[in-house]
Each structure stands twice: as C-alpha cells, then as structure tokens.
Amino acid sequence: MEKEVRLEKKLSPINVWALALGCIIGWGAFVMPGNTFLGQAGPLGTAIAMGIAALIMIIIAFNYNFMIQKFPVAGGEFTYTQKSFGQTNGFICAWFLGLSYLCIVPLNGTALALIGRNLMNNVFQVGFHYSVAGYDIYFGEIMLAVVALVLFAILSIKGVKFTGVFQTILVFALVSGVAIVAIAALVSDKASFANLSPAFYENDTLTSGAKLGGVLAVVAVAPWAFVGFDTIPQSAEEFKFSPAKTKVIMIISVLFGAGVYVVLNTVTAMVVPEGYASWVEYIDDLPNLTGLISLPTFYAAKTLLGSAGLVFLGIAVLAAILSGICGFYMATSRLLYSMSKEGVLPAWFGKLDENHKTPKNAIIFIMLIALIAPFFGRTALGWVVDMSSLGAAVGYGYTSIAAAKFAKKEGNGGILTSGVLGTIFAIVFCVLLLIPLPGLSCSLGKESYICLIVWVVLGIIFYLTSQRGKVQK
C-alpha cells in the first residue's frame, strides 16, 4: 500500500509571524502616506484610524485563534466555513478569499517594476513597449516580474522550511529598513514634529464631519491593509508548535503592521520640502509634481539620510514585495490544496511533491495565473486587486460567525462576543466597499464592479458544474 504524502511540520512561531507580517506590508505601505493616508486623514487621523483598524483585526484574530485550535489543518477560513455551514458556504468563502490571495501574488510581482521606475532611474524600461489602460508596459519590466514569479514558485516548491527561513530574513530586513529611517527622523534637524500640524487633513472646504469621514475612509481599507495575518491558519498543518500560540503571533503581527503604517506616514509628514507651508500644501500639490518629490515617503528618506536613505528604504520595499510573493504563494497554495482535499477542486490541486512535501501543482497553477498580469500592467490589475479587500472581509465574516456558532454551543461567552463583533465588522467593511457613501472614497470603482460581477458569475458556473459532476458520479 502506497504511503500517503503529508505536509511537513516545519514552521516555527517566528516563521509564522514573518509569514503574516510579510503579507501585511507591501508596496502600498510606502506610497499610501502620500496618495491616500495624509490626503484623507492626516498624520494623527491616520494613527487613530490604524489604531481602530488594529483593534478590529485583533478582535477578529481571537476568532481565528479559536477556530485554528479546533481545526489545525490547511485551509483556514474555507475549512471553518465548510465544517460550520456546509460545502456551499465553504465554496463561497473560498471563492472570494482565493481571489483576494491569488491577485496579490502578481500585484507584488509587478511592483518590482515600480522600484526600477522610482529608485533605479527606469533601468528596466527597455525593449518593446505598449500601453494598457494608460499604463506603459516595457519588455524589461515584464521579464523582471516573470523571473521573480518563476523563481519564487520554485523556491516555494523546494520546501516549507526553506520558505519560512527566507521569509523571516526578508521581514527582518523590512523592519530594519523602516526603523533606520524612523530613527533618522527623530534625530535629524531636517524633520520636525512641528510639521505634523495640522493633525488632520484640512482645507477651506472641509467640515469637522468631513475630517471624521477621512478617518473612517482609512479604517475602511483595514481588510486590504491587514490582509496577511489571516494567512496564518492556511499553514496550520505545518506548525511545529501548539496552535494555541497563534493568538499572540497574530496580535503581534497586526500591531507590527499598524506600527509600520503609522511610522511611515508620520515620517512622511515630518519632512516638508522647501517652498511649502505645510504637509497639506505639499500633498495637495502632488498631482503637479514629478520625480522623487512626487513620492513623499521616499523623498523623506533621501532628505533625512541622503542616498543611503533611499538604499535603506529601498531594501525595506524590496523585502516587503518579495515577502509578499513568498507568503501569498504559501497561503494560496494551501487554500487550493485544502479545497482539493475536500473535493471542491480537482484532485490535481491536492497532489504533494514527494520529495519536498509541498503542494507543487497548486503552486504551479498560481504561478501560471500570476504570469498573465505583467503583460497587462498595474492599472488593469488594480481593478481586480481592489476586490481583494472584499475577499478578505468575506473570510473575516465567515470565520467570525463560525466561531460564534461553536462558542454558543460550548458556552464560551468571550468568543461568542468577539464572534458577533467580528461578523458585524465584516458586514460593515462589505457595505463600505460595495455601496458608495457621501464623504467616503473607499467603495469599488466601476471597473472593479465589472470584474466582481464576472468573478461571481464564474463562481456560479464553476460550482454548478462541479455539483453536476458529483451527481453524475
């Protein structure tokens, strides 16, 4: 009788923390201070918003920890939903969550081109080029993304222990780079706490209610900003420690993530270029600027430390991007592996590499899908990525309501409370993303709505086809 190949228990607590934080922090953390956070909420407003968002995520993390201990297997939210509410709900959860995870792999791959464009004098803009949705695409940038996606697919297949160690190294490089720039802001005379005034984004047309709306708009991006801590349960079958420890790991990863967002945003506001009266005036003028000054966080790093500042921040950005590719390869492949094991996907996705004990076929599938993105550019990819927040919110909601169901049955009042709260938060996130509300700019754009409709229709077709196949068997 052939021996069954299983996932190996090789991940330590520090590896799992690195997996989560590496997925939480990506390219967006370094550009959103300029293009989103300061222009909506300001330095203090963003800090308040991130504090609220982190608290919400920690409450939801209690529900994940509760469910991980009950089902310490690969699959995470899909497994919890299926065990609690049946295969149909399990499929719905996994279909949206799969989109959320899957699209972040190519998003990070194409972000490498942005390092070349903004920090390396367009070094990869070589060869033939064309434009898609107003975004110029160059052969050199395509090949950069392709090489990275293929290389990390191979490394992901090589074994979970190697992936965990490599992820840990990348995350320490990320945190170190951010810390160096933050320390420079504290000691340099080129940055000032006085520049943090005004604390909230304001201009002549904004009321106090609009300022509150700006804070809520930043809170609303929490599912996107913190998607990553929820990748922890995807690797639960590969822990070499007690699943009970995941509560602390998730809380620390969320707090570190919030800290990185707040630190980068605050440092950005502390450095105001000459000629501008305040960071508000600077941020309002960004659409008219080009070059490094149009990227406030990177401009701040260079102002504080010169070229070395760009090197330190560049290392942090590169580590964030590569850890995102590595982490979401792992999380997405384990989700697909679990779905295959439960008969929702073909058995091919559930095959493990005999030598390395990793879901090789699932990783190859993710790679092939991701390799399409570099040929269409970040504008078109952004339409799909905008839906990743919705997919994360669906996963949060299903996990929270599943935790509430089990907690009620067991008389666990604490988890029942966090489960109900988590469900409410998830519903609010979905409403904010799907319904345009006055004063808030966090709902999906028209193109993203079209992509969402297509994804839902594809899901219905796929589910009905798979059900018909089971009936015929």
# chains A, B, ... in the order shown; residues from 1 in each chain; ligands from 1
call {"tool": "closest_atom_pairs", "arguments": {"of": "range 433-469 of chain A", "to": "range 88-98 of chain A", "cutoff": "9 Å", "atoms": "only C-alpha atoms", "output": "CSV"}}
result
residue,atom,partner,partner_atom,distance
A:Trp455,CA,A:Phe96,CA,8.6
A:Val456,CA,A:Phe96,CA,8.6
A:Gly459,CA,A:Trp95,CA,6.8
A:Tyr463,CA,A:Phe91,CA,7.8
call {"tool": "write_last_selection", "arguments": {"atoms": "N, CA, C and O atoms", "output": "JSON list (two decimals), in the first residue's frame"}}
result
[["chain", "number", "residue", "atom", "x", "y", "z"],
["A", 455, "TRP", "N", -16.41, 37.68, -11.74],
["A", 455, "TRP", "CA", -15.90, 36.67, -10.81],
["A", 455, "TRP", "C", -17.05, 35.89, -10.17],
["A", 455, "TRP", "O", -16.97, 34.67, -10.01],
["A", 456, "VAL", "N", -18.12, 36.59, -9.82],
["A", 456, "VAL", "CA", -19.28, 35.93, -9.21],
["A", 456, "VAL", "C", -19.93, 34.97, -10.21],
["A", 456, "VAL", "O", -20.27, 33.83, -9.86],
["A", 459, "GLY", "N", -17.88, 31.95, -10.60],
["A", 459, "GLY", "CA", -18.03, 31.10, -9.42],
["A", 459, "GLY", "C", -19.30, 30.27, -9.47],
["A", 459, "GLY", "O", -19.29, 29.08, -9.14],
["A", 463, "TYR", "N", -19.30, 26.26, -9.66],
["A", 463, "TYR", "CA", -19.94, 25.50, -8.59],
["A", 463, "TYR", "C", -21.01, 24.56, -9.16],
["A", 463, "TYR", "O", -21.07, 23.38, -8.80]]
call {"tool": "residues_around", "arguments": {"residues": "Glu274 in chain A", "least_positions_apart": "5", "cutoff": "12 Å", "atoms": "only C-alpha atoms", "output": "list in words"}}
result
Lys190, Ala191, Trp279, Glu281, Tyr282, Ile293 and Thr303 of chain A
call {"tool": "write_last_selection", "arguments": {"atoms": "N, CA, C and O atoms", "output": "PDB file, in the first residue's frame"}}
result
ATOM      1  N   LYS A 190      16.274  67.932   9.875  1.00  0.00           N
ATOM      2  CA  LYS A 190      15.519  68.090   8.634  1.00  0.00           C
ATOM      3  C   LYS A 190      14.079  67.596   8.763  1.00  0.00           C
ATOM      4  O   LYS A 190      13.287  67.702   7.830  1.00  0.00           O
ATOM      5  N   ALA A 191      13.784  67.012   9.916  1.00  0.00           N
ATOM      6  CA  ALA A 191      12.417  66.582  10.223  1.00  0.00           C
ATOM      7  C   ALA A 191      11.992  67.256  11.522  1.00  0.00           C
ATOM      8  O   ALA A 191      12.819  67.494  12.406  1.00  0.00           O
ATOM      9  N   TRP A 279       2.517  70.161   5.302  1.00  0.00           N
ATOM     10  CA  TRP A 279       2.369  68.909   4.555  1.00  0.00           C
ATOM     11  C   TRP A 279       1.069  68.905   3.752  1.00  0.00           C
ATOM     12  O   TRP A 279       0.985  68.258   2.709  1.00  0.00           O
ATOM     13  N   GLU A 281      -0.271  71.425   2.079  1.00  0.00           N
ATOM     14  CA  GLU A 281       0.009  72.102   0.808  1.00  0.00           C
ATOM     15  C   GLU A 281       0.832  71.204  -0.109  1.00  0.00           C
ATOM     16  O   GLU A 281       0.606  71.157  -1.321  1.00  0.00           O
ATOM     17  N   TYR A 282       1.784  70.495   0.471  1.00  0.00           N
ATOM     18  CA  TYR A 282       2.628  69.555  -0.284  1.00  0.00           C
ATOM     19  C   TYR A 282       1.792  68.422  -0.879  1.00  0.00           C
ATOM     20  O   TYR A 282       1.889  68.124  -2.075  1.00  0.00           O
ATOM     21  N   ILE A 293      10.267  63.784  -5.637  1.00  0.00           N
ATOM     22  CA  ILE A 293       9.450  64.625  -4.765  1.00  0.00           C
ATOM     23  C   ILE A 293       7.965  64.273  -4.858  1.00  0.00           C
ATOM     24  O   ILE A 293       7.181  64.597  -3.978  1.00  0.00           O
ATOM     25  N   THR A 303      15.903  62.925   2.039  1.00  0.00           N
ATOM     26  CA  THR A 303      16.169  64.188   2.741  1.00  0.00           C
ATOM     27  C   THR A 303      16.849  63.923   4.079  1.00  0.00           C
ATOM     28  O   THR A 303      17.776  64.639   4.480  1.00  0.00           O
TER      29      THR A 303
END
call {"tool": "select_by_dssp", "arguments": {"residues": "range 105-293 of chain A", "states": "helix (DSSP H, G or I)", "output": "ChimeraX atom specification"}}
result
/A:105-119,139-158,160-187,193-196,208-220,222-225,229-238,243-270,279-284,286-288,292-293
call {"tool": "closest_residue", "arguments": {"among": "A:Met339, A:Leu322, A:Val263, A:Ile56", "to": "Gln87 in chain A", "atoms": "only C-alpha atoms"}}
result
A:Met339
call {"tool": "residues_around", "arguments": {"residues": "Phe328 in chain A", "least_positions_apart": "3", "cutoff": "7 Å", "atoms": "only C-alpha atoms", "output": "JSON list (two decimals) with all heavy atoms, in the first residue's frame"}}
result
[["chain", "number", "residue", "atom", "x", "y", "z"],
["A", 23, "CYS", "N", 3.15, 39.43, 4.56],
["A", 23, "CYS", "CA", 1.95, 39.55, 3.72],
["A", 23, "CYS", "C", 1.20, 40.85, 4.00],
["A", 23, "CYS", "O", 0.57, 41.41, 3.11],
["A", 23, "CYS", "CB", 1.02, 38.35, 3.95],
["A", 23, "CYS", "SG", 1.66, 36.79, 3.29],
["A", 101, "TYR", "N", -6.28, 36.37, -2.22],
["A", 101, "TYR", "CA", -4.91, 35.89, -2.12],
["A", 101, "TYR", "C", -4.22, 35.83, -3.48],
["A", 101, "TYR", "O", -3.08, 36.26, -3.63],
["A", 101, "TYR", "CB", -4.88, 34.49, -1.49],
["A", 101, "TYR", "CG", -5.19, 34.43, -0.02],
["A", 101, "TYR", "CD1", -5.30, 33.21, 0.63],
["A", 101, "TYR", "CD2", -5.37, 35.58, 0.74],
["A", 101, "TYR", "CE1", -5.58, 33.13, 1.98],
["A", 101, "TYR", "CE2", -5.66, 35.53, 2.08],
["A", 101, "TYR", "CZ", -5.76, 34.29, 2.71],
["A", 101, "TYR", "OH", -6.04, 34.22, 4.05],
["A", 105, "VAL", "N", -0.33, 37.99, -5.43],
["A", 105, "VAL", "CA", 0.95, 37.46, -5.93],
["A", 105, "VAL", "C", 1.43, 38.25, -7.16],
["A", 105, "VAL", "O", 2.54, 38.79, -7.16],
["A", 105, "VAL", "CB", 0.84, 35.95, -6.25],
["A", 105, "VAL", "CG1", 2.14, 35.45, -6.88],
["A", 105, "VAL", "CG2", 0.54, 35.16, -4.98],
["A", 324, "GLY", "N", 5.92, 39.36, 0.26],
["A", 324, "GLY", "CA", 4.52, 39.23, -0.16],
["A", 324, "GLY", "C", 4.33, 38.13, -1.18],
["A", 324, "GLY", "O", 3.39, 37.33, -1.10],
["A", 325, "ILE", "N", 5.24, 38.07, -2.16],
["A", 325, "ILE", "CA", 5.18, 37.00, -3.16],
["A", 325, "ILE", "C", 5.33, 35.64, -2.48],
["A", 325, "ILE", "O", 4.53, 34.72, -2.68],
["A", 325, "ILE", "CB", 6.29, 37.17, -4.22],
["A", 325, "ILE", "CG1", 6.09, 38.46, -5.01],
["A", 325, "ILE", "CG2", 6.29, 35.97, -5.18],
["A", 325, "ILE", "CD1", 7.22, 38.77, -5.97],
["A", 331, "ALA", "N", 0.25, 30.79, 1.23],
["A", 331, "ALA", "CA", -1.13, 30.83, 1.71],
["A", 331, "ALA", "C", -2.12, 30.36, 0.64],
["A", 331, "ALA", "O", -3.03, 29.57, 0.91],
["A", 331, "ALA", "CB", -1.48, 32.25, 2.16],
["A", 332, "THR", "N", -1.95, 30.85, -0.59],
["A", 332, "THR", "CA", -2.90, 30.50, -1.66],
["A", 332, "THR", "C", -2.81, 29.02, -2.01],
["A", 332, "THR", "O", -3.83, 28.36, -2.23],
["A", 332, "THR", "CB", -2.62, 31.34, -2.92],
["A", 332, "THR", "OG1", -2.47, 32.71, -2.56],
["A", 332, "THR", "CG2", -3.76, 31.21, -3.92]]
call {"tool": "residues_around", "arguments": {"residues": "Ser192 in chain A", "least_positions_apart": "6", "cutoff": "10 Å", "atoms": "only C-alpha atoms", "output": "compact mmCIF listing (two decimals) with N, CA and C atoms, in the first residue's frame"}}
result
# COMPACT_ATOMS: atom_id res chain seq x y z
N ALA A 185 14.53 60.27 11.44
CA ALA A 185 13.55 61.35 11.57
C ALA A 185 13.53 61.93 12.97
N LEU A 186 13.83 61.09 13.96
CA LEU A 186 13.82 61.55 15.35
C LEU A 186 15.03 62.42 15.68
N VAL A 267 6.59 59.85 9.52
CA VAL A 267 7.87 60.33 8.99
C VAL A 267 7.65 61.15 7.73
N ALA A 269 5.07 62.95 6.91
CA ALA A 269 4.51 64.27 7.24
C ALA A 269 5.53 65.17 7.92
N MET A 270 6.52 64.58 8.57
CA MET A 270 7.52 65.37 9.31
C MET A 270 8.52 66.08 8.40
N VAL A 271 8.61 65.62 7.15
CA VAL A 271 9.57 66.21 6.21
C VAL A 271 8.80 66.95 5.12
N VAL A 272 8.83 68.28 5.19
CA VAL A 272 8.11 69.12 4.22
C VAL A 272 9.13 69.83 3.33
call {"tool": "residues_around", "arguments": {"residues": "Ile364 in chain A", "least_positions_apart": "2", "cutoff": "12 Å", "atoms": "only C-alpha atoms", "output": "PyMOL selection string"}}
result
chain A and resi 149-157+329-330+332-333+336+348-349+351-353+358-362+366-371
call {"tool": "write_last_selection", "arguments": {"atoms": "C-alpha atoms", "output": "PDB file, in the first residue's frame"}}
result
ATOM      1  CA  LEU A 149       7.359  34.898 -10.087  1.00  0.00           C
ATOM      2  CA  VAL A 150       9.002  31.777 -11.548  1.00  0.00           C
ATOM      3  CA  LEU A 151      11.931  31.900  -9.105  1.00  0.00           C
ATOM      4  CA  PHE A 152       9.695  32.196  -6.049  1.00  0.00           C
ATOM      5  CA  ALA A 153       7.428  29.436  -7.312  1.00  0.00           C
ATOM      6  CA  ILE A 154      10.469  27.153  -7.489  1.00  0.00           C
ATOM      7  CA  LEU A 155      11.631  28.219  -4.029  1.00  0.00           C
ATOM      8  CA  SER A 156       8.111  27.650  -2.645  1.00  0.00           C
ATOM      9  CA  ILE A 157       8.135  24.117  -4.036  1.00  0.00           C
ATOM     10  CA  TYR A 329       2.354  31.661  -2.724  1.00  0.00           C
ATOM     11  CA  MET A 330       2.293  29.671   0.515  1.00  0.00           C
ATOM     12  CA  THR A 332      -2.895  30.499  -1.661  1.00  0.00           C
ATOM     13  CA  SER A 333      -1.426  27.072  -2.427  1.00  0.00           C
ATOM     14  CA  LEU A 336      -6.235  25.338  -3.023  1.00  0.00           C
ATOM     15  CA  TRP A 348      -4.694  17.533  -9.130  1.00  0.00           C
ATOM     16  CA  PHE A 349      -4.515  20.571  -6.818  1.00  0.00           C
ATOM     17  CA  LYS A 351      -1.021  16.437  -5.001  1.00  0.00           C
ATOM     18  CA  LEU A 352       2.103  16.989  -2.898  1.00  0.00           C
ATOM     19  CA  ASP A 353       5.658  16.871  -4.189  1.00  0.00           C
ATOM     20  CA  THR A 358       4.644  20.898  -0.728  1.00  0.00           C
ATOM     21  CA  PRO A 359       1.511  21.361  -2.909  1.00  0.00           C
ATOM     22  CA  LYS A 360       3.552  21.592  -6.107  1.00  0.00           C
ATOM     23  CA  ASN A 361       0.640  21.584  -8.559  1.00  0.00           C
ATOM     24  CA  ALA A 362      -1.210  24.332  -6.712  1.00  0.00           C
ATOM     25  CA  ILE A 366      -0.774  30.144  -9.057  1.00  0.00           C
ATOM     26  CA  MET A 367       2.408  30.920 -10.984  1.00  0.00           C
ATOM     27  CA  LEU A 368       0.728  30.419 -14.367  1.00  0.00           C
ATOM     28  CA  ILE A 369      -2.163  32.724 -13.407  1.00  0.00           C
ATOM     29  CA  ALA A 370       0.235  35.313 -11.969  1.00  0.00           C
ATOM     30  CA  LEU A 371       2.381  35.302 -15.125  1.00  0.00           C
TER      31      LEU A 371
END
call {"tool": "closest_residue", "arguments": {"among": "A:Pro233, A:Gly314, A:Gly75, A:Gly86", "to": "Ser176 in chain A", "atoms": "only C-alpha atoms"}}
result
A:Gly314
call {"tool": "closest_residue", "arguments": {"among": "A:Ala47, A:Leu421, A:Gly34, A:Val394", "to": "Leu216 in chain A", "atoms": "only C-alpha atoms"}}
result
A:Ala47
call {"tool": "residues_around", "arguments": {"residues": "Ala20 in chain A", "least_positions_apart": "4", "cutoff": "7 Å", "atoms": "only C-alpha atoms", "output": "compact mmCIF listing (two decimals) with C-alpha atoms, in the first residue's frame"}}
result
# COMPACT_ATOMS: atom_id res chain seq x y z
CA VAL A 16 4.71 32.18 11.06
CA ILE A 24 0.55 42.56 5.60
CA GLY A 228 -1.93 38.74 5.75
CA PHE A 229 -2.47 37.94 9.44
CA THR A 231 -2.75 33.66 6.15
CA ILE A 232 -1.58 32.06 9.41
CA SER A 253 1.81 40.78 13.55
call {"tool": "decode", "arguments": {"residues": "range 354-366 of chain A", "atoms": "N, CA and C atoms", "output": "JSON list (two decimals), in the first residue's frame"}}
result
[["chain", "number", "residue", "atom", "x", "y", "z"],
["A", 354, "GLU", "N", 6.62, 14.68, -3.79],
["A", 354, "GLU", "CA", 7.05, 13.56, -2.94],
["A", 354, "GLU", "C", 8.33, 13.87, -2.17],
["A", 355, "ASN", "N", 9.21, 14.68, -2.75],
["A", 355, "ASN", "CA", 10.48, 14.98, -2.09],
["A", 355, "ASN", "C", 10.37, 16.13, -1.10],
["A", 356, "HIS", "N", 9.64, 17.17, -1.47],
["A", 356, "HIS", "CA", 9.61, 18.38, -0.65],
["A", 356, "HIS", "C", 8.34, 18.53, 0.19],
["A", 357, "LYS", "N", 7.34, 17.68, -0.03],
["A", 357, "LYS", "CA", 6.09, 17.68, 0.74],
["A", 357, "LYS", "C", 5.34, 19.02, 0.66],
["A", 358, "THR", "N", 5.36, 19.64, -0.50],
["A", 358, "THR", "CA", 4.64, 20.90, -0.73],
["A", 358, "THR", "C", 3.63, 20.71, -1.86],
["A", 359, "PRO", "N", 2.54, 21.49, -1.86],
["A", 359, "PRO", "CA", 1.51, 21.36, -2.91],
["A", 359, "PRO", "C", 2.02, 21.92, -4.25],
["A", 360, "LYS", "N", 2.84, 21.15, -4.90],
["A", 360, "LYS", "CA", 3.55, 21.59, -6.11],
["A", 360, "LYS", "C", 2.60, 22.04, -7.20],
["A", 361, "ASN", "N", 1.56, 21.25, -7.47],
["A", 361, "ASN", "CA", 0.64, 21.58, -8.56],
["A", 361, "ASN", "C", -0.10, 22.89, -8.30],
["A", 362, "ALA", "N", -0.51, 23.09, -7.07],
["A", 362, "ALA", "CA", -1.21, 24.33, -6.71],
["A", 362, "ALA", "C", -0.29, 25.54, -6.90],
["A", 363, "ILE", "N", 0.98, 25.40, -6.53],
["A", 363, "ILE", "CA", 1.94, 26.49, -6.69],
["A", 363, "ILE", "C", 2.16, 26.79, -8.16],
["A", 364, "ILE", "N", 2.27, 25.75, -8.98],
["A", 364, "ILE", "CA", 2.44, 25.95, -10.42],
["A", 364, "ILE", "C", 1.23, 26.65, -11.02],
["A", 365, "PHE", "N", 0.04, 26.27, -10.58],
["A", 365, "PHE", "CA", -1.19, 26.92, -11.07],
["A", 365, "PHE", "C", -1.18, 28.41, -10.73],
["A", 366, "ILE", "N", -0.83, 28.74, -9.48],
["A", 366, "ILE", "CA", -0.77, 30.14, -9.06],
["A", 366, "ILE", "C", 0.23, 30.91, -9.92]]
